[in-house]
file data_8.cif (mmCIF, C-alpha atoms)
data_entry
loop_
_atom_site.label_atom_id
_atom_site.label_comp_id
_atom_site.auth_asym_id
_atom_site.auth_seq_id
_atom_site.Cartn_x
_atom_site.Cartn_y
_atom_site.Cartn_z
CA MET A 1 24.89 8.69 -35.51
CA PRO A 2 21.69 10.71 -36.15
CA ILE A 3 18.33 9.84 -34.68
CA LYS A 4 16.42 7.44 -36.92
CA THR A 5 12.69 7.47 -37.48
CA GLY A 6 10.93 4.53 -35.86
CA LYS A 7 13.10 4.22 -32.78
CA ARG A 8 11.31 3.35 -29.59
CA LEU A 9 10.16 6.48 -27.74
CA ILE A 10 9.54 7.12 -24.06
CA THR A 11 5.89 8.08 -23.74
CA SER A 12 5.48 8.11 -19.96
CA THR A 13 6.63 10.76 -17.51
CA PHE A 14 9.77 10.53 -15.41
CA ASP A 15 7.80 9.89 -12.21
CA LYS A 16 6.19 6.84 -13.84
CA TYR A 17 9.65 5.60 -14.82
CA LEU A 18 10.84 5.92 -11.21
CA LEU A 19 7.72 4.20 -9.85
CA SER A 20 8.13 1.36 -12.33
CA LEU A 21 11.76 0.95 -11.30
CA ALA A 22 10.78 1.01 -7.61
CA ARG A 23 8.13 -1.68 -8.18
CA GLY A 24 10.75 -3.85 -9.88
CA ILE A 25 13.11 -3.46 -6.91
CA THR A 26 10.27 -4.32 -4.52
CA ARG A 27 9.41 -7.50 -6.42
CA ALA A 28 13.07 -8.51 -6.50
CA GLN A 29 13.40 -7.99 -2.74
CA GLU A 30 10.24 -10.01 -2.09
CA GLU A 31 11.73 -12.91 -4.06
CA LEU A 32 15.03 -12.64 -2.20
CA SER A 33 13.26 -12.48 1.16
CA GLY A 34 11.73 -15.86 0.41
CA VAL A 35 15.15 -17.44 -0.14
CA GLN A 36 16.97 -18.65 2.96
CA VAL A 37 20.28 -20.46 3.26
CA LYS A 38 20.49 -22.83 6.19
CA ARG A 39 23.77 -24.00 7.67
CA PRO A 40 24.12 -26.56 10.43
CA GLY A 41 24.21 -24.90 13.84
CA GLU A 42 23.59 -21.38 12.43
CA ALA A 43 20.56 -19.16 12.01
CA PRO A 44 19.15 -19.08 8.45
CA LEU A 45 20.64 -16.43 6.17
CA SER A 46 18.49 -14.23 3.94
CA TYR A 47 19.36 -11.67 1.28
CA HIS A 48 18.65 -7.95 1.27
CA ILE A 49 19.18 -5.28 -1.41
CA PRO A 50 20.92 -2.36 0.39
CA GLU A 51 20.77 0.02 -2.59
CA VAL A 52 20.25 0.21 -6.34
CA ASN A 53 21.98 2.78 -8.57
CA PHE A 54 20.44 3.73 -11.90
CA GLU A 55 21.41 5.88 -14.86
CA LEU A 56 18.97 7.05 -17.53
CA LYS A 57 20.54 8.55 -20.65
CA LEU A 58 18.15 10.41 -22.95
CA GLY A 59 18.37 11.93 -26.38
CA LEU A 60 15.79 14.56 -27.36
CA GLU A 61 14.59 15.31 -30.90
CA VAL A 62 12.27 18.02 -32.20
CA ASP A 63 10.09 16.56 -34.95
CA TYR A 64 9.19 18.88 -37.87
CA GLU A 65 8.67 16.09 -40.39
CA GLY A 66 6.00 16.99 -42.94
CA HIS A 67 5.35 20.43 -41.43
CA GLU A 68 8.50 22.37 -42.34
CA SER A 69 6.51 24.95 -44.34
CA ASP A 70 3.77 25.46 -41.74
CA PRO A 71 4.76 28.23 -39.29
CA SER A 72 1.75 27.51 -37.05
CA TRP A 73 2.79 23.89 -36.47
CA ILE A 74 3.78 23.10 -32.89
CA PRO A 75 6.76 20.70 -33.08
CA GLN A 76 6.64 17.40 -31.19
CA LEU A 77 9.41 16.54 -28.73
CA LYS A 78 10.51 12.90 -28.91
CA THR A 79 12.58 11.28 -26.20
CA HIS A 80 14.86 8.31 -26.96
CA ALA A 81 16.28 6.10 -24.23
CA LEU A 82 19.96 5.29 -24.74
CA ASN A 83 21.91 2.37 -23.37
CA PRO A 84 24.57 3.92 -21.09
CA ALA A 85 26.78 0.86 -21.61
CA ASN A 86 27.31 1.38 -25.33
CA ALA A 87 26.02 4.88 -26.15
CA SER A 88 27.92 8.11 -25.79
CA LEU A 89 26.50 11.60 -25.90
CA ASN A 90 29.43 12.58 -28.11
CA GLU A 91 28.32 10.07 -30.74
CA PHE A 92 24.63 10.95 -30.59
CA THR A 93 23.22 13.72 -32.76
CA ALA A 94 20.21 15.42 -31.15
CA GLU A 95 18.80 18.80 -30.33
CA ALA A 96 19.47 18.05 -26.67
CA ALA A 97 20.71 15.20 -24.52
CA SER A 98 20.57 14.49 -20.82
CA VAL A 99 21.83 11.97 -18.27
CA ILE A 100 19.84 11.36 -15.10
CA LYS A 101 21.48 9.41 -12.29
CA GLY A 102 19.97 8.32 -9.00
CA ARG A 103 20.01 5.77 -6.22
CA PHE A 104 17.38 3.83 -4.31
CA VAL A 105 18.46 3.18 -0.72
CA SER A 106 16.66 0.80 1.64
CA VAL A 107 15.58 2.20 4.99
CA PRO A 108 14.12 0.40 8.03
CA ALA A 109 10.34 0.18 8.19
CA ASN A 110 8.67 2.86 10.32
CA GLY A 111 11.95 4.83 10.40
CA GLY A 112 13.60 2.07 12.42
CA ALA A 113 11.11 2.41 15.29
CA PRO A 114 9.33 -0.72 16.57
CA LEU A 115 6.15 -1.42 14.59
CA PRO A 116 2.73 -1.15 16.27
CA VAL A 117 0.85 -4.37 17.01
CA LEU A 118 -2.93 -4.35 17.52
CA GLU A 119 -4.68 -7.14 19.45
CA ILE A 120 -8.47 -7.54 19.69
CA ALA A 121 -10.56 -9.36 22.31
CA LEU A 122 -14.32 -9.73 22.86
CA ARG A 123 -16.25 -10.02 26.11
CA LYS A 124 -19.89 -10.06 27.13
CA VAL A 125 -21.64 -7.11 28.76
CA LYS A 126 -23.31 -8.35 31.96
CA GLY A 127 -27.10 -8.33 31.69
CA GLN A 128 -27.02 -7.03 28.07
CA LYS A 129 -27.44 -9.95 25.67
CA LYS A 130 -27.44 -7.76 22.55
CA LYS A 131 -24.33 -5.84 23.54
CA ILE A 132 -20.72 -6.94 23.29
CA ARG A 133 -17.54 -5.24 24.43
CA VAL A 134 -14.64 -4.97 21.95
CA ASP A 135 -11.27 -4.44 23.65
CA ALA A 136 -8.18 -3.31 21.72
CA THR A 137 -4.63 -3.48 23.03
CA LEU A 138 -1.95 -1.51 21.21
CA ARG A 139 1.71 -2.32 21.75
CA ASN A 140 4.88 -2.05 19.71
CA SER A 141 6.77 -5.08 18.45
CA LEU A 142 8.91 -4.99 21.60
CA GLY A 143 5.81 -5.51 23.74
CA GLU A 144 5.73 -1.94 25.10
CA PRO A 145 2.25 -0.35 25.43
CA ILE A 146 1.45 2.66 23.23
CA GLU A 147 -0.37 5.33 25.22
CA GLY A 148 -2.50 8.18 23.85
CA ALA A 149 -3.21 6.62 20.44
CA GLU A 150 -6.65 6.95 18.84
CA VAL A 151 -8.47 3.70 18.11
CA GLU A 152 -11.45 3.65 15.72
CA PHE A 153 -14.19 1.02 15.85
CA ASN A 154 -16.34 0.54 12.75
CA VAL A 155 -18.99 -1.82 11.39
CA ASP A 156 -18.22 -2.87 7.81
CA ARG A 157 -21.79 -3.09 6.51
CA ASP A 158 -20.94 -4.01 2.92
CA SER A 159 -18.67 -6.90 3.91
CA SER A 160 -21.18 -8.04 6.52
CA ALA A 161 -24.01 -8.17 3.98
CA ALA A 162 -21.83 -10.03 1.47
CA LEU A 163 -20.83 -12.54 4.13
CA ASN A 164 -24.44 -13.13 5.11
CA LEU A 165 -25.46 -13.66 1.49
CA GLU A 166 -22.71 -16.25 1.09
CA ALA A 167 -24.03 -17.94 4.22
CA GLY A 168 -27.39 -18.42 2.47
CA MET A 169 -29.40 -15.53 3.92
CA LYS A 170 -31.96 -13.71 1.81
CA GLU A 171 -30.97 -10.26 0.62
CA LYS A 172 -33.47 -8.50 2.90
CA ASP A 173 -32.08 -10.39 5.91
CA ALA A 174 -28.41 -10.01 4.99
CA ALA A 175 -28.22 -6.22 5.41
CA ILE A 176 -27.03 -4.93 8.77
CA PRO A 177 -29.58 -2.51 10.34
CA GLY A 178 -28.54 1.00 11.26
CA LYS A 179 -29.05 0.33 14.98
CA THR A 180 -26.20 -2.17 14.86
CA ASP A 181 -23.35 0.19 15.66
CA PHE A 182 -20.85 1.22 18.34
CA GLU A 183 -21.91 3.43 21.21
CA ASN A 184 -18.50 5.11 21.09
CA ALA A 185 -16.66 4.65 17.82
CA LEU A 186 -13.47 6.41 18.97
CA ASP A 187 -11.34 5.78 22.04
CA VAL A 188 -7.81 6.63 23.20
CA THR A 189 -5.41 4.07 24.65
CA ASP A 190 -4.50 4.37 28.33
CA GLU A 191 -1.10 3.84 29.94
CA SER A 192 -1.41 0.09 29.39
CA GLY A 193 -2.22 0.55 25.68
CA LYS A 194 -5.85 -0.46 26.06
CA ALA A 195 -8.99 1.03 24.52
CA GLY A 196 -12.49 -0.27 23.98
CA ALA A 197 -15.98 0.24 22.63
CA THR A 198 -19.42 -1.33 23.09
CA LEU A 199 -21.26 -2.74 20.08
CA ASN A 200 -25.07 -2.82 19.97
CA ARG A 201 -26.25 -5.83 18.00
CA GLU A 202 -29.65 -5.66 16.31
CA GLY A 203 -31.12 -7.48 13.34
CA LYS A 204 -31.75 -11.11 12.43
CA LYS A 205 -30.61 -13.97 14.59
CA GLY A 206 -27.28 -15.39 13.45
CA GLN A 207 -26.36 -12.39 11.30
CA ASN A 208 -22.61 -11.99 10.86
CA ILE A 209 -21.18 -8.55 11.66
CA VAL A 210 -17.74 -7.62 10.35
CA ILE A 211 -15.91 -5.18 12.64
CA LEU A 212 -12.89 -3.12 11.58
CA ILE A 213 -10.53 -1.58 14.13
CA TYR A 214 -7.94 1.05 13.15
CA ALA A 215 -4.99 2.35 15.21
CA GLU A 216 -1.57 3.73 14.29
CA ASN A 217 -1.98 2.76 10.60
CA VAL A 218 -2.76 -0.83 11.62
CA THR A 219 -6.08 -2.49 10.78
CA GLU A 220 -7.59 -5.58 12.36
CA SER A 221 -10.91 -7.21 11.59
CA ILE A 222 -13.11 -9.60 13.51
CA ILE A 223 -16.51 -11.23 12.92
CA VAL A 224 -19.23 -11.44 15.56
CA SER A 225 -22.75 -12.84 15.30
CA ASN A 226 -26.13 -11.71 16.49
CA PRO A 227 -27.38 -13.76 19.45
#

call {"tool": "encode", "arguments": {"input": "data_8.cif", "output": "structure tokens"}}
result
Amino acid sequence: MPIKTGKRLITSTFDKYLLSLARGITRAQEELSGVQVKRPGEAPLSYHIPEVNFELKLGLEVDYEGHESDPSWIPQLKTHALNPANASLNEFTAEAASVIKGRFVSVPANGGAPLPVLEIALRKVKGQKKKIRVDATLRNSLGEPIEGAEVEFNVDRDSSAALNLEAGMKEKDAAIPGKTDFENALDVTDESGKAGATLNREGKKGQNIVILIYAENVTESIIVSNP
């Protein structure tokens, strides 16, 4: 049958179609991951989507409607999605037609390697009331230390100010002063997976300071207060 005017057209690009399909698969897997079947004496069972096959059948039409006598008119290319279950390219009249097939395959997170785990601890600096030591320990999910990884220590000033405002501080007192910062914002983990940095705390008494620590694509946050 010929293409009919008014059929639904595909207006987005193919990459958007793939991303939309991938988001749908992700949402479906998240729902399945929340479903567990428990049997007496056995570990709970969960469901996982190993792969998803897709087929996109397209019909293409060049639209000259209303401009047949205008040689300068640039024709519009319309793309019609076809249902592969009940549409055949042999029965579809178009300037061009195409079938795109593909498959989404699940792969282990982090390429199957154990995921990094970042732990944060605080301790006082002897004789330095306004200073505090922030210790980071980086291990994988098997408990093995990760050596030679860069660890970044940062003060999140915007979040700190917002937190102080919510706590009832005046706007001029909520902002974190520039002197409140780390002496060394970057460190490298040793053979035991440990790294650390010293934070200088200035500003108003009781101010909340939000600290962000980054390592191996993992982020942890912690809140400390001015003495």

call {"tool": "residues_near_point", "arguments": {"input": "data_8.cif", "point": "(-5.9, -0.3, 24.9)", "cutoff": "10 Å", "atoms": "all atoms listed in the file", "output": "number ranges by chain"}}
result
A: 118-120, 135-139, 145-151, 187-196

call {"tool": "write_last_selection", "arguments": {"input": "data_8.cif", "atoms": "C-alpha atoms", "output": "mmCIF file, keeping the file's coordinate frame"}}
result
data_model
loop_
_atom_site.group_PDB
_atom_site.id
_atom_site.type_symbol
_atom_site.label_atom_id
_atom_site.label_comp_id
_atom_site.auth_asym_id
_atom_site.auth_seq_id
_atom_site.Cartn_x
_atom_site.Cartn_y
_atom_site.Cartn_z
ATOM 1 C CA LEU A 118 -2.930 -4.350 17.520
ATOM 2 C CA GLU A 119 -4.680 -7.140 19.450
ATOM 3 C CA ILE A 120 -8.470 -7.540 19.690
ATOM 4 C CA ASP A 135 -11.270 -4.440 23.650
ATOM 5 C CA ALA A 136 -8.180 -3.310 21.720
ATOM 6 C CA THR A 137 -4.630 -3.480 23.030
ATOM 7 C CA LEU A 138 -1.950 -1.510 21.210
ATOM 8 C CA ARG A 139 1.710 -2.320 21.750
ATOM 9 C CA PRO A 145 2.250 -0.350 25.430
ATOM 10 C CA ILE A 146 1.450 2.660 23.230
ATOM 11 C CA GLU A 147 -0.370 5.330 25.220
ATOM 12 C CA GLY A 148 -2.500 8.180 23.850
ATOM 13 C CA ALA A 149 -3.210 6.620 20.440
ATOM 14 C CA GLU A 150 -6.650 6.950 18.840
ATOM 15 C CA VAL A 151 -8.470 3.700 18.110
ATOM 16 C CA ASP A 187 -11.340 5.780 22.040
ATOM 17 C CA VAL A 188 -7.810 6.630 23.200
ATOM 18 C CA THR A 189 -5.410 4.070 24.650
ATOM 19 C CA ASP A 190 -4.500 4.370 28.330
ATOM 20 C CA GLU A 191 -1.100 3.840 29.940
ATOM 21 C CA SER A 192 -1.410 0.090 29.390
ATOM 22 C CA GLY A 193 -2.220 0.550 25.680
ATOM 23 C CA LYS A 194 -5.850 -0.460 26.060
ATOM 24 C CA ALA A 195 -8.990 1.030 24.520
ATOM 25 C CA GLY A 196 -12.490 -0.270 23.980
#

call {"tool": "residues_around", "arguments": {"input": "data_8.cif", "residues": "region 22-34 of chain A", "least_positions_apart": "2", "cutoff": "7 Å", "atoms": "all atoms listed in the file", "output": "short mmCIF file (atom, residue, chain, number, x, y, z; two decimals) with C-alpha atoms, in the frame of the given file"}}
result
data_model
loop_
_atom_site.label_atom_id
_atom_site.label_comp_id
_atom_site.auth_asym_id
_atom_site.auth_seq_id
_atom_site.Cartn_x
_atom_site.Cartn_y
_atom_site.Cartn_z
CA LEU A 18 10.84 5.92 -11.21
CA LEU A 19 7.72 4.20 -9.85
CA SER A 20 8.13 1.36 -12.33
CA GLN A 36 16.97 -18.65 2.96
CA SER A 46 18.49 -14.23 3.94
CA TYR A 47 19.36 -11.67 1.28
CA HIS A 48 18.65 -7.95 1.27
CA ILE A 49 19.18 -5.28 -1.41
#

call {"tool": "resolve_selection", "arguments": {"input": "data_8.cif", "expression": "the PyMOL selection byres ((chain A and resi 101) around 10)", "output": "list in words"}}
result
Asn53, Phe54, Glu55, Leu56, Lys57, Ser98, Val99, Ile100, Gly102 and Arg103 of chain A

call {"tool": "residues_around", "arguments": {"input": "data_8.cif", "residues": "region 199-215 of chain A", "least_positions_apart": "6", "cutoff": "10 Å", "atoms": "all atoms listed in the file", "output": "PyMOL selection string"}}
result
chain A and resi 116-120+125+128-138+149-165+167+169+173-189+221-227

call {"tool": "resolve_selection", "arguments": {"input": "data_8.cif", "expression": "the PyMOL selection byres ((chain A and resi 141) around 6)", "output": "short mmCIF file (atom, residue, chain, number, x, y, z; two decimals) with C-alpha atoms, in the frame of the given file"}}
result
data_model
loop_
_atom_site.label_atom_id
_atom_site.label_comp_id
_atom_site.auth_asym_id
_atom_site.auth_seq_id
_atom_site.Cartn_x
_atom_site.Cartn_y
_atom_site.Cartn_z
CA PRO A 114 9.33 -0.72 16.57
CA LEU A 115 6.15 -1.42 14.59
CA ASN A 140 4.88 -2.05 19.71
CA LEU A 142 8.91 -4.99 21.60
CA GLY A 143 5.81 -5.51 23.74
#

call {"tool": "atom_distance", "arguments": {"input": "data_8.cif", "atom1": "CA of Thr198 (chain A)", "atom2": "CA of Lys126 (chain A)"}}
result
12.0 Å

call {"tool": "axis_aligned_box", "arguments": {"input": "data_8.cif", "around": "region 187-195 of chain A", "padding_each_side": "8 Å", "output": "AutoDock Vina command-line options"}}
result
--center_x -6.2 --center_y 3.1 --center_z 26.0 --size_x 26.2 --size_y 23.1 --size_z 23.9

call {"tool": "atom_distance", "arguments": {"input": "data_8.cif", "atom1": "CA of Lys38 (chain A)", "atom2": "CA of Pro108 (chain A)"}}
result
24.2 Å

call {"tool": "atom_distance", "arguments": {"input": "data_8.cif", "atom1": "CA of Val37 (chain A)", "atom2": "CA of Val52 (chain A)"}}
result
22.8 Å
